[in-house]
$ cat entry-v1.tsv   # TSV, C-alpha atoms
chain	number	residue	atom	x	y	z
A	1	MET	CA	-32.18	-22.62	41.36
A	2	VAL	CA	-29.54	-22.47	38.66
A	3	SER	CA	-26.51	-24.54	39.50
A	4	GLN	CA	-22.97	-23.25	39.14
A	5	GLU	CA	-22.40	-25.65	36.24
A	6	GLN	CA	-25.57	-24.46	34.45
A	7	ARG	CA	-24.52	-20.85	34.97
A	8	ARG	CA	-21.08	-21.61	33.57
A	9	ARG	CA	-22.61	-23.19	30.47
A	10	GLN	CA	-24.99	-20.26	30.03
A	11	LEU	CA	-22.12	-17.80	30.18
A	12	ALA	CA	-20.16	-19.90	27.69
A	13	ARG	CA	-23.10	-19.93	25.25
A	14	GLU	CA	-23.54	-16.17	25.59
A	15	LYS	CA	-19.85	-15.63	24.99
A	16	PHE	CA	-19.95	-17.86	21.90
A	17	LEU	CA	-22.94	-15.95	20.50
A	18	ARG	CA	-21.17	-12.63	21.07
A	19	GLN	CA	-18.10	-13.95	19.27
A	20	GLN	CA	-20.19	-15.17	16.35
A	21	GLU	CA	-21.87	-11.78	16.03
A	22	ARG	CA	-18.50	-10.01	16.08
A	23	ARG	CA	-17.28	-12.39	13.37
A	24	ARG	CA	-20.33	-11.63	11.22
A	25	SER	CA	-19.83	-7.91	11.79
A	26	ALA	CA	-16.16	-8.20	10.87
A	27	ARG	CA	-17.03	-10.03	7.64
A	28	ARG	CA	-19.57	-7.34	6.70
A	29	LYS	CA	-16.99	-4.63	7.29
A	30	ALA	CA	-14.39	-6.56	5.32
A	31	ARG	CA	-16.74	-6.88	2.34
A	32	ALA	CA	-17.45	-3.16	2.46
A	33	ARG	CA	-13.75	-2.39	2.65
A	34	ASN	CA	-12.90	-4.70	-0.25
A	35	ALA	CA	-15.57	-3.05	-2.39
A	36	VAL	CA	-13.60	0.19	-2.31
A	37	ILE	CA	-10.08	-1.16	-1.84
A	38	ALA	CA	-9.17	-0.75	-5.51
A	39	SER	CA	-9.82	2.97	-5.32
A	40	VAL	CA	-7.66	3.27	-2.20
A	41	LEU	CA	-4.60	3.61	-4.40
A	42	GLY	CA	-6.03	6.46	-6.46
A	43	VAL	CA	-3.95	9.60	-6.33
A	44	VAL	CA	-6.90	11.79	-5.34
A	45	LEU	CA	-8.23	9.40	-2.72
A	46	VAL	CA	-4.80	8.99	-1.23
A	47	GLY	CA	-4.89	12.60	-0.11
A	48	SER	CA	-8.28	12.35	1.54
A	49	VAL	CA	-9.05	11.15	5.02
A	50	VAL	CA	-10.66	7.73	4.70
A	51	SER	CA	-11.71	5.79	7.79
A	52	TYR	CA	-11.68	2.01	7.70
A	53	ALA	CA	-13.05	-0.48	10.21
A	54	THR	CA	-10.26	-2.83	11.17
A	55	GLY	CA	-12.23	-5.95	10.33
A	56	VAL	CA	-10.01	-7.86	12.76
A	57	PHE	CA	-11.45	-10.24	15.33
A	58	LYS	CA	-9.18	-11.85	17.87
A	59	ALA	CA	-10.80	-14.86	19.53
A	60	ASP	CA	-10.24	-14.80	23.27
A	61	ASP	CA	-10.13	-18.25	24.82
A	62	SER	CA	-9.14	-17.05	28.28
A	63	LYS	CA	-11.38	-17.38	31.32
A	64	ASP	CA	-11.32	-13.66	31.90
A	65	THR	CA	-14.80	-12.49	30.83
A	66	ALA	CA	-13.82	-8.83	30.92
A	67	ALA	CA	-10.98	-9.50	28.52
A	68	ALA	CA	-13.36	-11.39	26.26
A	69	GLU	CA	-15.59	-8.36	26.10
A	70	ALA	CA	-12.76	-5.98	25.17
A	71	THR	CA	-12.89	-4.59	21.63
A	72	PRO	CA	-9.83	-4.33	19.36
A	73	SER	CA	-7.90	-1.14	20.00
A	74	ALA	CA	-7.99	1.52	17.29
A	75	SER	CA	-5.27	3.60	18.91
A	76	PRO	CA	-2.26	4.46	16.75
A	77	SER	CA	0.58	1.97	16.75
A	78	LYS	CA	3.62	2.91	18.83
A	79	ALA	CA	6.14	0.77	16.98
A	80	PRO	CA	9.64	2.27	17.02
A	81	ASP	CA	11.08	3.99	13.98
A	82	PRO	CA	13.64	1.61	12.41
A	83	CYS	CA	15.08	4.20	10.02
A	84	GLU	CA	17.92	6.68	10.09
A	85	LYS	CA	17.87	10.46	9.98
A	86	ALA	CA	17.26	11.89	6.52
A	87	ALA	CA	20.12	13.39	4.55
A	88	ALA	CA	20.31	17.16	4.36
A	89	GLY	CA	18.47	18.69	1.43
A	90	LYS	CA	15.11	19.91	0.21
A	91	VAL	CA	12.50	18.60	-2.18
A	92	LYS	CA	12.67	20.27	-5.57
A	93	SER	CA	9.55	22.01	-6.84
A	94	LEU	CA	9.33	20.71	-10.41
A	95	SER	CA	6.39	20.63	-12.80
A	96	TYR	CA	6.12	19.94	-16.51
A	97	LYS	CA	3.38	20.61	-19.03
A	98	LYS	CA	3.64	17.38	-21.00
A	99	GLU	CA	5.06	13.88	-20.89
A	100	PRO	CA	8.77	13.82	-21.80
A	101	ALA	CA	9.88	12.58	-25.20
A	102	MET	CA	10.86	8.92	-25.36
A	103	THR	CA	14.60	8.58	-24.79
A	104	ILE	CA	15.05	5.12	-23.27
A	105	ASP	CA	16.09	2.03	-25.19
A	106	THR	CA	13.19	-0.39	-24.69
A	107	SER	CA	15.45	-3.35	-25.51
A	108	ALA	CA	17.85	-2.47	-22.69
A	109	LYS	CA	17.64	-3.22	-18.97
A	110	TYR	CA	17.06	-0.44	-16.45
A	111	THR	CA	17.23	-0.36	-12.68
A	112	MET	CA	15.74	2.18	-10.29
A	113	LYS	CA	17.54	2.61	-6.98
A	114	LEU	CA	15.79	4.24	-4.04
A	115	GLN	CA	18.36	5.19	-1.43
A	116	THR	CA	16.10	5.56	1.59
A	117	THR	CA	16.64	6.30	5.25
A	118	CYS	CA	15.65	2.68	5.91
A	119	GLY	CA	18.03	1.12	3.36
A	120	ASP	CA	18.41	0.80	-0.39
A	121	ILE	CA	15.56	-0.57	-2.49
A	122	ASP	CA	16.65	-1.74	-5.95
A	123	ILE	CA	13.97	-2.24	-8.60
A	124	ASP	CA	14.36	-4.00	-11.94
A	125	LEU	CA	12.29	-1.97	-14.42
A	126	LYS	CA	10.16	-3.36	-17.26
A	127	ALA	CA	11.20	-1.03	-20.04
A	128	ALA	CA	9.79	-3.15	-22.86
A	129	ALA	CA	6.41	-3.75	-21.20
A	130	ALA	CA	5.94	-0.27	-19.68
A	131	PRO	CA	8.07	2.11	-21.78
A	132	HIS	CA	6.15	5.31	-21.01
A	133	THR	CA	6.35	4.66	-17.28
A	134	VAL	CA	10.03	3.77	-17.25
A	135	ASN	CA	10.87	6.68	-19.55
A	136	SER	CA	8.98	9.06	-17.26
A	137	PHE	CA	10.88	7.93	-14.17
A	138	ASN	CA	14.16	8.08	-16.07
A	139	PHE	CA	13.39	11.69	-16.95
A	140	LEU	CA	12.12	12.75	-13.52
A	141	LEU	CA	14.81	11.07	-11.46
A	142	ASN	CA	17.57	12.56	-13.61
A	143	LYS	CA	16.10	15.92	-12.53
A	144	GLY	CA	16.24	14.94	-8.84
A	145	TYR	CA	12.44	14.84	-8.66
A	146	LEU	CA	12.18	12.27	-5.87
A	147	ASP	CA	15.24	13.28	-3.86
A	148	HIS	CA	14.34	14.04	-0.20
A	149	THR	CA	10.70	13.02	-0.66
A	150	LYS	CA	8.77	10.96	1.88
A	151	CYS	CA	6.91	7.73	1.26
A	152	HIS	CA	3.65	9.02	2.65
A	153	ARG	CA	1.40	5.99	3.00
A	154	LEU	CA	1.46	2.45	4.33
A	155	THR	CA	-1.50	0.09	4.00
A	156	THR	CA	-1.48	-2.96	6.26
A	157	MET	CA	-4.98	-4.35	5.85
A	158	GLY	CA	-6.71	-5.71	2.75
A	159	ILE	CA	-3.79	-4.65	0.59
A	160	TYR	CA	-0.17	-4.46	1.67
A	161	VAL	CA	1.70	-1.61	0.05
A	162	LEU	CA	3.99	1.33	0.69
A	163	GLN	CA	3.14	4.35	-1.46
A	164	CYS	CA	5.75	6.88	-2.55
A	165	GLY	CA	6.42	9.32	-5.37
A	166	ASP	CA	4.64	12.47	-4.18
A	167	PRO	CA	6.97	15.44	-3.61
A	168	GLU	CA	4.21	17.12	-1.62
A	169	GLY	CA	3.84	14.16	0.72
A	170	THR	CA	0.05	14.56	0.74
A	171	GLY	CA	-1.04	12.04	-1.85
A	172	MET	CA	-2.08	14.85	-4.18
A	173	GLY	CA	1.20	15.71	-5.88
A	174	GLY	CA	2.41	14.90	-9.37
A	175	PRO	CA	4.74	16.00	-12.17
A	176	GLY	CA	2.15	18.12	-14.01
A	177	TYR	CA	1.54	15.56	-16.75
A	178	THR	CA	0.02	12.09	-16.92
A	179	ILE	CA	1.16	8.89	-18.59
A	180	PRO	CA	-0.85	6.02	-20.09
A	181	ASP	CA	-1.69	2.80	-18.32
A	182	GLU	CA	0.57	-0.02	-19.49
A	183	ASN	CA	1.24	-3.70	-19.01
A	184	LEU	CA	-2.17	-4.41	-17.41
A	185	LYS	CA	-2.10	-7.94	-18.84
A	186	ASP	CA	1.22	-8.77	-17.19
A	187	LYS	CA	1.47	-12.53	-16.73
A	188	GLY	CA	2.53	-11.98	-13.13
A	189	LEU	CA	-0.91	-10.60	-12.23
A	190	LYS	CA	-2.75	-13.88	-11.75
A	191	GLY	CA	-6.14	-14.07	-10.09
A	192	ASN	CA	-6.29	-10.30	-9.57
A	193	VAL	CA	-3.30	-10.46	-7.25
A	194	TYR	CA	-0.34	-8.10	-7.30
A	195	PRO	CA	2.37	-10.39	-5.89
A	196	ALA	CA	4.87	-9.32	-3.26
A	197	GLY	CA	7.79	-7.53	-4.88
A	198	THR	CA	5.67	-5.76	-7.51
A	199	VAL	CA	6.06	-2.03	-8.11
A	200	ALA	CA	3.07	-0.39	-9.80
A	201	MET	CA	1.61	3.02	-10.54
A	202	ALA	CA	-1.10	4.74	-8.55
A	203	ASN	CA	-3.76	6.50	-10.61
A	204	GLN	CA	-7.24	8.00	-10.50
A	205	TYR	CA	-9.09	5.16	-12.20
A	206	ASN	CA	-12.60	4.51	-10.87
A	207	ALA	CA	-13.66	0.94	-11.59
A	208	SER	CA	-17.33	1.74	-10.91
A	209	THR	CA	-17.61	4.52	-13.49
A	210	LYS	CA	-14.84	3.24	-15.78
A	211	GLU	CA	-13.36	6.73	-15.74
A	212	GLY	CA	-9.83	7.86	-15.03
A	213	ARG	CA	-7.75	5.71	-17.32
A	214	ASP	CA	-4.25	6.93	-18.25
A	215	THR	CA	-3.91	9.17	-15.18
A	216	GLY	CA	-0.62	7.94	-13.78
A	217	GLY	CA	1.82	10.62	-12.64
A	218	SER	CA	4.73	10.02	-10.30
A	219	GLN	CA	3.10	8.16	-7.41
A	220	PHE	CA	3.76	4.45	-7.17
A	221	PHE	CA	3.36	1.65	-4.68
A	222	LEU	CA	5.62	-1.17	-3.55
A	223	VAL	CA	3.90	-4.44	-2.64
A	224	TYR	CA	5.40	-6.17	0.42
A	225	GLN	CA	2.80	-8.96	0.60
A	226	ASP	CA	0.51	-10.47	-2.04
A	227	SER	CA	-2.40	-8.03	-2.48
A	228	GLN	CA	-5.81	-8.62	-4.04
A	229	LEU	CA	-6.30	-5.86	-6.61
A	230	PRO	CA	-7.86	-5.67	-10.07
A	231	PRO	CA	-5.31	-5.22	-12.88
A	232	ASP	CA	-5.86	-1.47	-13.19
A	233	TYR	CA	-2.44	-0.26	-12.03
A	234	THR	CA	0.60	-0.38	-14.31
A	235	PRO	CA	3.13	-2.93	-13.00
A	236	PHE	CA	6.50	-1.60	-14.08
A	237	GLY	CA	9.12	-3.12	-11.80
A	238	THR	CA	10.20	-5.90	-9.46
A	239	ILE	CA	11.93	-5.33	-6.13
A	240	SER	CA	15.23	-7.10	-5.42
A	241	GLU	CA	15.58	-9.58	-2.54
A	242	SER	CA	17.58	-7.09	-0.47
A	243	GLY	CA	15.05	-4.39	-1.26
A	244	MET	CA	12.23	-6.62	0.00
A	245	LYS	CA	14.00	-6.95	3.35
A	246	VAL	CA	14.03	-3.17	3.65
A	247	LEU	CA	10.39	-2.93	2.61
A	248	LYS	CA	9.30	-5.56	5.13
A	249	LYS	CA	11.21	-3.75	7.88
A	250	ILE	CA	9.23	-0.61	7.05
A	251	ALA	CA	5.96	-2.54	7.03
A	252	ALA	CA	6.74	-4.24	10.35
A	253	ALA	CA	6.88	-0.85	12.05
A	254	GLY	CA	3.21	-0.33	11.18
A	255	GLU	CA	1.25	2.78	10.31
A	256	SER	CA	0.18	5.76	12.37
A	257	THR	CA	-3.60	5.37	12.65
A	258	GLY	CA	-3.81	1.83	13.99
A	259	GLN	CA	-6.59	1.20	11.45
A	260	GLY	CA	-4.55	-0.25	8.62
A	261	ASP	CA	-4.07	2.81	6.43
A	262	GLY	CA	-1.96	5.84	7.26
A	263	ALA	CA	1.49	7.36	7.34
A	264	PRO	CA	4.19	4.77	8.05
A	265	ASN	CA	5.65	4.81	11.55
A	266	ALA	CA	9.01	4.40	9.88
A	267	THR	CA	10.32	7.73	8.60
A	268	VAL	CA	10.82	6.64	5.00
A	269	VAL	CA	12.63	9.39	3.11
A	270	ILE	CA	14.12	8.84	-0.32
A	271	ASN	CA	17.46	10.58	0.07
A	272	LYS	CA	18.35	9.89	-3.56
A	273	ALA	CA	16.62	8.15	-6.46
A	274	ALA	CA	18.11	7.28	-9.82
A	275	VAL	CA	17.44	5.18	-12.91
A	276	THR	CA	20.43	3.40	-14.41
A	277	LYS	CA	20.77	1.59	-17.73
A	278	THR	CA	22.41	-1.77	-17.06

$ encode --input "entry-v1.tsv" --output "structure tokens"
Amino acid sequence: MVSQEQRRRQLAREKFLRQQERRRSARRKARARNAVIASVLGVVLVGSVVSYATGVFKADDSKDTAAAEATPSASPSKAPDPCEKAAAGKVKSLSYKKEPAMTIDTSAKYTMKLQTTCGDIDIDLKAAAAPHTVNSFNFLLNKGYLDHTKCHRLTTMGIYVLQCGDPEGTGMGGPGYTIPDENLKDKGLKGNVYPAGTVAMANQYNASTKEGRDTGGSQFFLVYQDSQLPPDYTPFGTISESGMKVLKKIAAAGESTGQGDGAPNATVVINKAAVTKT
């Protein structure tokens, strides 16, 4: 007859084996996710519905066996919206056939201010290192291109970014022209990491096929936590300390799918965006 102590040890072993298997499964899913994570920021892929396994395992040390058997919830997060109501106004429908002529002074300093419903995000732009990108935003924002647009995507697993810059809010929009990749050898991109505070361009580059270079448009992402990414996305700005506080507040509210990649729970609307020569 099996004693109570033997039964307890047997249950403990079984629980340990189940935990180990879940850990192995989580690692396999994480490797699969990381294999495609670089393409997650592509403009085309942003608009598609992509399902990710969470890859999260929470060890349960309680004595409640039923709780130990529970799987991580994939239900959408219910975090409250920390942002204010958007200002009155509509997104402008603007499209251009070619990249604007160069008008910025690459020796000067430029700042991009995003006045959002969640607070202001100030960005120091790298005009000398990414002139085409900064010139493009200077042109577009002077036309009111980003006014009243939503930041449509928040990624909270694998990479940690808020994506904005699409007037359509679908991940498919753009200004009608493309700009070249720039500054991919930025000294700040060490060990294939885009550090927190980086602002970089989304594009359609496919690392597997080596196709899609120079396909940046108007979509960009703001990094709120160090993110492992290959240097394929033009870094063109750095977020101010106060701007990072706003960005982290947005990130803390989570995203809508509960799976690490979806629309932000925070209603992030850019009421007004402008580039200023300082």

$ residues_around --input "entry-v1.tsv" --residues "Asp166 in chain A" --least-positions-apart "4" --cutoff "8 Å" --atoms "all atoms listed in the file" --output "list of chain:residue names"
A:Leu146, A:Thr149, A:Lys150, A:Cys151, A:His152, A:Thr170, A:Gly171, A:Met172, A:Gly173, A:Gly174, A:Ser218, A:Gln219

$ residues_around --input "entry-v1.tsv" --residues "range 115-125 of chain A" --least-positions-apart "5" --cutoff "8 Å" --atoms "all atoms listed in the file" --output "list in words"
Pro82, Cys83, Glu84, Lys85, Ala86, Ala87, Lys109, Tyr110, Val134, Val199, Phe236, Gly237, Thr238, Ile239, Ser240, Ser242, Gly243, Met244, Val246, Leu247, Ile250, Ala266, Thr267, Val268, Val269, Ile270, Asn271, Lys272 and Ala273 of chain A

$ atom_distance --input "entry-v1.tsv" --atom1 "CA of Pro235 in chain A" --atom2 "CA of Gly197 in chain A"
10.4 Å

$ atom_distance --input "entry-v1.tsv" --atom1 "CA of Gly254 in chain A" --atom2 "CA of Tyr145 in chain A"
26.6 Å

$ atom_distance --input "entry-v1.tsv" --atom1 "CA of Pro231 in chain A" --atom2 "CA of Ser95 in chain A"
28.4 Å

$ closest_residue --input "entry-v1.tsv" --among "A:Glu241, A:Glu255, A:Glu182, A:Asp147" --to "Pro167 in chain A" --atoms "all atoms listed in the file"
A:Asp147

$ residues_around --input "entry-v1.tsv" --residues "Tyr177 in chain A" --least-positions-apart "5" --cutoff "8 Å" --atoms "all atoms listed in the file" --output "list in words"
Tyr96, Lys97, Lys98, Glu99 and Gly217 of chain A

$ closest_residue --input "entry-v1.tsv" --among "A:Leu229, A:Ala252, A:Leu154, A:Ile179" --to "Asn192 in chain A" --atoms "all atoms listed in the file"
A:Leu229

$ residues_around --input "entry-v1.tsv" --residues "Thr103 in chain A" --least-positions-apart "4" --cutoff "9 Å" --atoms "only C-alpha atoms" --output "ChimeraX atom specification"
/A:135,138-139

$ write_last_selection --input "entry-v1.tsv" --atoms "C-alpha atoms" --output "PDB file, in the coordinates of the input"
ATOM      1  CA  ASN A 135      10.870   6.680 -19.550  1.00  0.00           C
ATOM      2  CA  ASN A 138      14.160   8.080 -16.070  1.00  0.00           C
ATOM      3  CA  PHE A 139      13.390  11.690 -16.950  1.00  0.00           C
TER       4      PHE A 139
END

$ closest_residue --input "entry-v1.tsv" --among "A:Ala108, A:Leu140, A:Gln228, A:Gly165" --to "Ala127 in chain A" --atoms "all atoms listed in the file"
A:Ala108

$ closest_residue --input "entry-v1.tsv" --among "A:Thr276, A:Thr133, A:Thr106, A:Thr156" --to "Asp214 in chain A" --atoms "all atoms listed in the file"
A:Thr133

$ closest_residue --input "entry-v1.tsv" --among "A:Val193, A:Ala274, A:Asn265, A:Ala253" --to "Gly158 in chain A" --atoms "all atoms listed in the file"
A:Val193

$ closest_residue --input "entry-v1.tsv" --among "A:Leu94, A:Arg153, A:Lys113, A:Pro131" --to "Thr257 in chain A" --atoms "only C-alpha atoms"
A:Arg153
